[in-house]
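Coordinates from structure.tsv are shown below (TSV, C-alpha atoms).
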chain	number	residue	atom	x	y	z
A	1	MET	CA	33.88	20.05	27.26
A	2	THR	CA	34.22	19.58	31.03
A	3	LEU	CA	34.39	16.13	32.56
A	4	SER	CA	31.01	16.56	34.26
A	5	VAL	CA	29.34	17.54	30.98
A	6	PHE	CA	30.97	14.59	29.24
A	7	ARG	CA	29.74	12.24	31.96
A	8	ALA	CA	26.19	13.62	31.68
A	9	ALA	CA	26.21	13.24	27.91
A	10	LEU	CA	27.39	9.64	28.13
A	11	GLU	CA	24.79	8.77	30.72
A	12	ALA	CA	22.03	10.33	28.62
A	13	CYS	CA	23.23	8.47	25.52
A	14	SER	CA	23.50	5.22	27.45
A	15	ALA	CA	20.00	5.59	28.88
A	16	SER	CA	18.41	6.45	25.51
A	17	CYS	CA	19.96	3.36	23.95
A	18	GLY	CA	18.80	1.02	26.66
A	19	ALA	CA	22.34	0.49	27.93
A	20	ARG	CA	21.85	1.69	31.47
A	21	HIS	CA	24.13	-1.03	32.78
A	22	LEU	CA	27.17	0.63	31.23
A	23	ARG	CA	29.18	2.64	33.75
A	24	TRP	CA	32.54	4.31	33.80
A	25	GLY	CA	34.88	5.85	36.32
A	26	PRO	CA	37.00	4.57	39.22
A	27	GLY	CA	35.29	1.77	41.10
A	28	SER	CA	32.68	1.16	38.36
A	29	GLY	CA	34.08	-2.29	37.71
A	30	MET	CA	33.94	-1.70	33.96
A	31	ALA	CA	35.67	1.30	32.39
A	32	GLU	CA	38.15	3.51	34.18
A	33	THR	CA	38.38	6.28	31.51
A	34	PRO	CA	35.98	7.91	29.02
A	35	LEU	CA	37.85	6.39	26.05
A	36	GLU	CA	37.66	2.92	27.56
A	37	PHE	CA	33.95	3.46	28.20
A	38	MET	CA	33.33	4.46	24.58
A	39	SER	CA	35.14	1.38	23.27
A	40	ILE	CA	32.90	-0.86	25.40
A	41	PHE	CA	29.81	1.18	24.53
A	42	ASN	CA	30.41	0.97	20.78
A	43	ALA	CA	31.23	-2.73	20.90
A	44	ARG	CA	27.84	-3.51	22.46
A	45	LEU	CA	25.72	-1.48	20.08
A	46	TYR	CA	24.73	-2.17	16.49
A	47	PRO	CA	23.20	0.18	13.91
A	48	SER	CA	19.43	0.10	14.13
A	49	ARG	CA	17.63	-1.79	11.36
A	50	SER	CA	14.31	-0.02	11.93
A	51	ILE	CA	13.05	3.35	10.73
A	52	GLU	CA	10.38	5.60	12.13
A	53	LEU	CA	8.53	7.62	9.52
A	54	GLU	CA	6.25	10.61	9.82
A	55	ALA	CA	2.90	10.60	8.01
A	56	GLN	CA	4.28	12.62	5.08
A	57	GLU	CA	7.20	10.25	4.72
A	58	LEU	CA	4.92	7.21	4.72
A	59	ASP	CA	2.73	8.81	2.07
A	60	HIS	CA	5.78	9.54	-0.09
A	61	ALA	CA	7.06	5.98	0.35
A	62	PHE	CA	3.68	4.68	-0.82
A	63	HIS	CA	3.84	6.80	-3.97
A	64	ILE	CA	7.38	5.58	-4.68
A	65	GLY	CA	6.21	1.99	-4.35
A	66	MET	CA	3.26	2.51	-6.67
A	67	MET	CA	5.42	4.29	-9.23
A	68	LEU	CA	8.06	1.54	-9.32
A	69	TYR	CA	5.46	-1.23	-9.31
A	70	SER	CA	3.61	0.31	-12.27
A	71	TRP	CA	6.87	0.99	-14.12
A	72	ASN	CA	8.22	-2.54	-13.64
A	73	ARG	CA	4.96	-4.06	-14.85
A	74	ALA	CA	4.90	-2.00	-18.05
A	75	HIS	CA	8.59	-2.55	-18.75
A	76	ALA	CA	8.24	-6.31	-18.25
A	77	LYS	CA	5.56	-6.28	-20.94
A	78	LEU	CA	8.05	-4.65	-23.32
A	79	PHE	CA	10.37	-7.56	-22.60
A	80	ALA	CA	7.59	-10.06	-23.34
A	81	LEU	CA	7.02	-8.40	-26.71
A	82	PHE	CA	10.76	-8.37	-27.42
A	83	LYS	CA	10.91	-12.13	-26.87
A	84	HIS	CA	7.93	-12.76	-29.12
A	85	LEU	CA	9.07	-10.52	-31.96
A	86	LEU	CA	12.74	-11.47	-32.03
A	87	ASN	CA	12.68	-15.23	-31.52
A	88	LYS	CA	9.69	-16.73	-29.76
A	89	GLU	CA	11.10	-20.23	-30.27
A	90	ASN	CA	14.28	-19.56	-28.29
A	91	GLU	CA	13.38	-17.76	-25.06
A	92	GLU	CA	16.77	-18.54	-23.52
A	93	LEU	CA	18.48	-16.57	-26.29
A	94	THR	CA	16.17	-13.55	-26.12
A	95	THR	CA	16.21	-13.49	-22.31
A	96	GLY	CA	20.01	-13.57	-22.23
A	97	LEU	CA	20.22	-10.83	-24.85
A	98	TRP	CA	17.72	-8.57	-23.04
A	99	TYR	CA	19.42	-8.85	-19.66
A	100	THR	CA	22.91	-8.47	-21.11
A	101	ILE	CA	21.89	-4.82	-21.39
A	102	LYS	CA	22.10	-3.39	-17.89
A	103	ASP	CA	19.94	-0.26	-18.19
A	104	ASP	CA	16.32	-0.21	-19.27
A	105	SER	CA	16.80	2.76	-21.60
A	106	SER	CA	19.16	0.72	-23.80
A	107	GLN	CA	16.76	-2.21	-23.62
A	108	ARG	CA	14.03	0.00	-25.06
A	109	ARG	CA	16.41	1.17	-27.82
A	110	MET	CA	17.09	-2.45	-28.69
A	111	LEU	CA	13.37	-3.21	-28.81
A	112	ALA	CA	12.77	-0.13	-30.96
A	113	ALA	CA	15.35	-1.41	-33.47
A	114	VAL	CA	13.54	-4.77	-33.63
A	115	VAL	CA	10.15	-3.07	-34.05
A	116	ALA	CA	11.44	-0.75	-36.78
A	117	SER	CA	12.54	-3.80	-38.80
A	118	LEU	CA	9.14	-5.50	-38.72
A	119	SER	CA	7.84	-6.46	-42.14
A	120	GLY	CA	4.89	-8.24	-43.68
A	121	ASP	CA	1.86	-8.63	-41.45
A	122	LEU	CA	3.86	-7.54	-38.41
A	123	LYS	CA	4.19	-4.01	-39.81
A	124	TYR	CA	0.68	-3.55	-38.43
A	125	TYR	CA	2.22	-3.30	-34.95
A	126	ARG	CA	5.13	-1.02	-35.79
A	127	GLN	CA	3.62	2.37	-35.03
A	128	PRO	CA	1.68	1.29	-31.91
A	129	LEU	CA	4.82	-0.24	-30.38
A	130	LEU	CA	7.08	2.67	-31.30
A	131	TRP	CA	4.56	5.01	-29.69
A	132	ALA	CA	4.55	2.92	-26.48
A	133	ILE	CA	8.37	2.91	-26.36
A	134	LYS	CA	8.40	6.67	-26.85
A	135	ALA	CA	5.85	7.07	-24.05
A	136	MET	CA	7.98	4.99	-21.68
A	137	ASP	CA	11.01	7.12	-22.58
A	138	ALA	CA	9.11	10.26	-21.66
A	139	ILE	CA	7.85	8.85	-18.37
A	140	ALA	CA	11.30	7.50	-17.43
A	141	THR	CA	12.25	10.88	-15.95
A	142	TYR	CA	9.51	10.58	-13.33
A	143	ARG	CA	10.45	6.99	-12.60
A	144	ASN	CA	14.07	8.02	-12.05
A	145	ASP	CA	12.97	10.83	-9.75
A	146	ALA	CA	11.01	8.36	-7.65
A	147	ALA	CA	13.86	5.87	-7.53
A	148	HIS	CA	16.71	8.26	-6.76
A	149	ALA	CA	15.43	11.47	-5.13
A	150	GLU	CA	16.13	11.90	-1.45
A	151	MET	CA	13.35	13.71	0.38
A	152	GLN	CA	13.53	15.25	3.83
A	153	LEU	CA	11.27	16.88	6.39
A	154	PHE	CA	12.13	20.51	7.05
A	155	LEU	CA	10.89	22.90	9.73
A	156	ASP	CA	9.04	26.04	8.67
A	157	LEU	CA	11.00	29.22	9.32
A	158	ASP	CA	8.58	30.24	12.04
A	159	GLY	CA	8.71	26.76	13.59
A	160	SER	CA	4.96	26.32	13.17
A	161	GLY	CA	5.14	23.08	11.23
A	162	GLN	CA	7.01	20.84	8.81
A	163	PHE	CA	7.16	20.52	5.05
A	164	PHE	CA	8.43	17.69	2.85
A	165	SER	CA	10.89	18.65	0.15
A	166	PRO	CA	13.83	17.27	-1.88
A	167	SER	CA	17.13	17.62	-0.07
A	168	ASP	CA	20.12	19.54	-1.41
A	169	PHE	CA	21.84	16.24	-2.24
A	170	ASN	CA	19.89	15.96	-5.52
A	171	LYS	CA	20.52	17.35	-8.98
A	172	SER	CA	19.25	20.89	-9.43
A	173	GLU	CA	16.85	19.95	-12.24
A	174	LEU	CA	15.40	17.13	-10.14
A	175	ILE	CA	14.82	19.54	-7.24
A	176	ARG	CA	13.13	21.98	-9.61
A	177	ARG	CA	10.78	19.31	-10.98
A	178	LEU	CA	9.76	18.07	-7.55
A	179	GLU	CA	9.23	21.59	-6.19
A	180	GLU	CA	7.29	22.90	-9.18
A	181	LYS	CA	4.68	20.13	-9.31
A	182	PRO	CA	2.95	18.45	-6.36
A	183	VAL	CA	4.57	15.04	-6.13
A	184	SER	CA	1.47	13.10	-5.07
A	185	GLU	CA	-0.74	14.57	-7.79
A	186	THR	CA	1.87	14.24	-10.56
A	187	TRP	CA	2.93	10.73	-9.64
A	188	GLN	CA	-0.69	9.56	-9.49
A	189	LYS	CA	-1.06	10.69	-13.10
A	190	VAL	CA	2.18	8.93	-14.03
A	191	CYS	CA	1.01	5.69	-12.42
A	192	GLY	CA	-2.27	5.96	-14.29
A	193	ASP	CA	-0.40	6.47	-17.56
A	194	LEU	CA	1.87	3.48	-16.88
A	195	ASN	CA	-1.13	1.28	-16.14
A	196	ALA	CA	-2.79	2.45	-19.37
A	197	ILE	CA	0.40	1.72	-21.35
A	198	TYR	CA	0.61	-1.72	-19.75
A	199	ASN	CA	-2.97	-2.54	-20.77
A	200	TYR	CA	-2.32	-1.23	-24.28
A	201	LEU	CA	0.82	-3.38	-24.61
A	202	ASN	CA	-1.02	-6.34	-23.16
A	203	HIS	CA	-3.64	-6.03	-25.88
A	204	ILE	CA	-0.91	-5.93	-28.55
A	205	ASP	CA	0.80	-8.95	-27.01
A	206	PHE	CA	-2.48	-10.88	-26.95
A	207	SER	CA	-3.15	-10.01	-30.58
A	208	LEU	CA	0.36	-11.11	-31.59
A	209	ARG	CA	0.08	-14.45	-29.81
A	210	LEU	CA	-3.24	-15.17	-31.53
A	211	SER	CA	-1.84	-14.01	-34.89
A	212	ALA	CA	-5.07	-12.07	-35.22
A	213	HIS	CA	-4.43	-8.60	-36.57
A	214	ARG	CA	-7.71	-7.27	-35.33
A	215	PRO	CA	-8.19	-3.55	-34.64
A	216	LEU	CA	-6.26	-2.57	-31.54
A	217	THR	CA	-7.64	-0.53	-28.71
A	218	ARG	CA	-7.14	3.21	-29.01
A	219	ARG	CA	-3.89	4.63	-27.78
A	220	PRO	CA	-4.14	5.86	-24.21
A	221	SER	CA	-4.49	9.57	-23.66
A	222	LEU	CA	-1.58	10.29	-21.33
A	223	GLN	CA	-1.95	12.88	-18.58
A	224	SER	CA	1.64	13.25	-17.35
A	225	VAL	CA	3.51	13.66	-20.65
A	226	ARG	CA	2.82	14.63	-24.24
A	227	ILE	CA	3.96	12.27	-26.97
A	228	ASP	CA	4.47	13.76	-30.40
A	229	THR	CA	3.40	11.66	-33.35
A	230	ALA	CA	3.29	12.50	-37.04
A	231	GLN	CA	-0.48	13.01	-36.75
A	232	SER	CA	-0.23	15.30	-33.72
A	233	GLN	CA	2.51	17.37	-35.34
A	234	ALA	CA	0.44	17.74	-38.51
A	235	LYS	CA	-2.59	18.73	-36.43
A	236	ARG	CA	-0.61	21.47	-34.66
A	237	ARG	CA	0.72	22.75	-37.99
A	238	ARG	CA	-2.81	22.98	-39.36
A	239	ALA	CA	-3.95	24.82	-36.23
A	240	LYS	CA	-1.09	27.33	-36.53
A	241	LEU	CA	-1.86	27.92	-40.20
A	242	ALA	CA	-5.54	28.48	-39.35
A	243	VAL	CA	-4.61	31.05	-36.69
A	244	ARG	CA	-2.31	32.90	-39.11
A	245	GLU	CA	-5.00	32.90	-41.76
A	246	ARG	CA	-7.55	34.41	-39.34
A	247	GLN	CA	-5.01	37.04	-38.28
A	248	ARG	CA	-4.28	37.90	-41.92
A	249	GLN	CA	-7.96	38.23	-42.71
A	250	SER	CA	-8.65	40.41	-39.68
A	251	SER	CA	-5.73	42.71	-40.48
A	252	SER	CA	-6.85	43.15	-44.07
A	253	VAL	CA	-10.36	44.26	-43.09

Kindly transcribe the structure held in the file into structure tokens.
Amino acid sequence: MTLSVFRAALEACSASCGARHLRWGPGSGMAETPLEFMSIFNARLYPSRSIELEAQELDHAFHIGMMLYSWNRAHAKLFALFKHLLNKENEELTTGLWYTIKDDSSQRRMLAAVVASLSGDLKYYRQPLLWAIKAMDAIATYRNDAAHAEMQLFLDLDGSGQFFSPSDFNKSELIRRLEEKPVSETWQKVCGDLNAIYNYLNHIDFSLRLSAHRPLTRRPSLQSVRIDTAQSQAKRRRAKLAVRERQRQSSSV
């Protein structure tokens, strides 16, 4: 790089950063050499704390916020049920135990162990709660994608526009998930499922606190994941047997 090009680059950088008062060279009264200039320049600048987002980036940030908000709300309700089922008289103990576990997946495993041990009248809540825990486990993949995936704006090959896509600094399976399904559409379904799970858990919590084992609301019909239960597995087996029987009858005609 020639000295004139270097000088032009520094001046352009200085002007763009609002540091037009910085000068270098003999007689400038500040820096005599390029290296001395750069030391002064860097000392007077700080990393920017602001960020400018394009419309697509703002939309994605909104979906991330909604996903994490809905997830945190539903997971907090699991914690409330854990406290009530394990030892509702000693919240300090149950709170300390819950937050000793650092990841929410292990917290759900701990709650599942408590739920599986329910006896007496509380057995009424065993299957509904185990289903909700299983649903949260299935949705956790989408939550983790929202929390950890880096997205970037890329230029189309012909330069006609931009598209928003996961960067190469993500796991390959995460990139595949985000590219195969429209993020906004999928995450809206996930948020809806999380809100439905929260309301379902809230109904269970209310019933527990009243000690009124009244009929619970129906389990939510989830749109983002499929949760296998003993009933759904039996239903699919019956459907497969019915198809085989029709095929056998048609082949024998």

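Here atom CA of A:Arg49 stands at a distance of 26.5 Å from atom CA of A:Arg143.
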
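Take the candidates A:Ser172, A:Asn202, A:Ser106, A:Thr141 and check each one against A:Ala80 using only C-alpha atoms; the shortest distance goes to A:Asn202.
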
Shell of 12 Å around A:Asp59, only C-alpha atoms, local chain residues under 3 positions omitted, as a short mmCIF file (atom, residue, chain, number, x, y, z; two decimals) with C-alpha atoms, in the coordinates of the input:
data_model
loop_
_atom_site.label_atom_id
_atom_site.label_comp_id
_atom_site.auth_asym_id
_atom_site.auth_seq_id
_atom_site.Cartn_x
_atom_site.Cartn_y
_atom_site.Cartn_z
CA LEU A 53 8.53 7.62 9.52
CA GLU A 54 6.25 10.61 9.82
CA ALA A 55 2.90 10.60 8.01
CA GLN A 56 4.28 12.62 5.08
CA PHE A 62 3.68 4.68 -0.82
CA HIS A 63 3.84 6.80 -3.97
CA ILE A 64 7.38 5.58 -4.68
CA GLY A 65 6.21 1.99 -4.35
CA MET A 66 3.26 2.51 -6.67
CA MET A 151 13.35 13.71 0.38
CA PHE A 164 8.43 17.69 2.85
CA VAL A 183 4.57 15.04 -6.13
CA SER A 184 1.47 13.10 -5.07
CA GLU A 185 -0.74 14.57 -7.79
CA TRP A 187 2.93 10.73 -9.64
#

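With all atoms listed in the file as the basis for measurement, A:Arg226 is the residue among A:Arg109, A:Arg214, A:Arg226, A:Arg209 that approaches A:Val190 most closely.
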
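Across A:Met136, A:Leu194, A:Leu122, A:Leu97, the tightest approach to A:Arg73 is made by A:Leu194 when counting only C-alpha atoms.
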
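Relative to atom CA of A:Leu81, atom CA of A:Lys102 is found at 18.2 Å.
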
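The two atoms in question, atom CA of A:Pro215 and atom CA of A:Val115, are spaced 18.4 Å apart.
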
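Among the candidates A:Ala74, A:Met67, A:Ile204, A:Ala113, the one nearest to A:Leu86 when counting all atoms listed in the file is A:Ala113.
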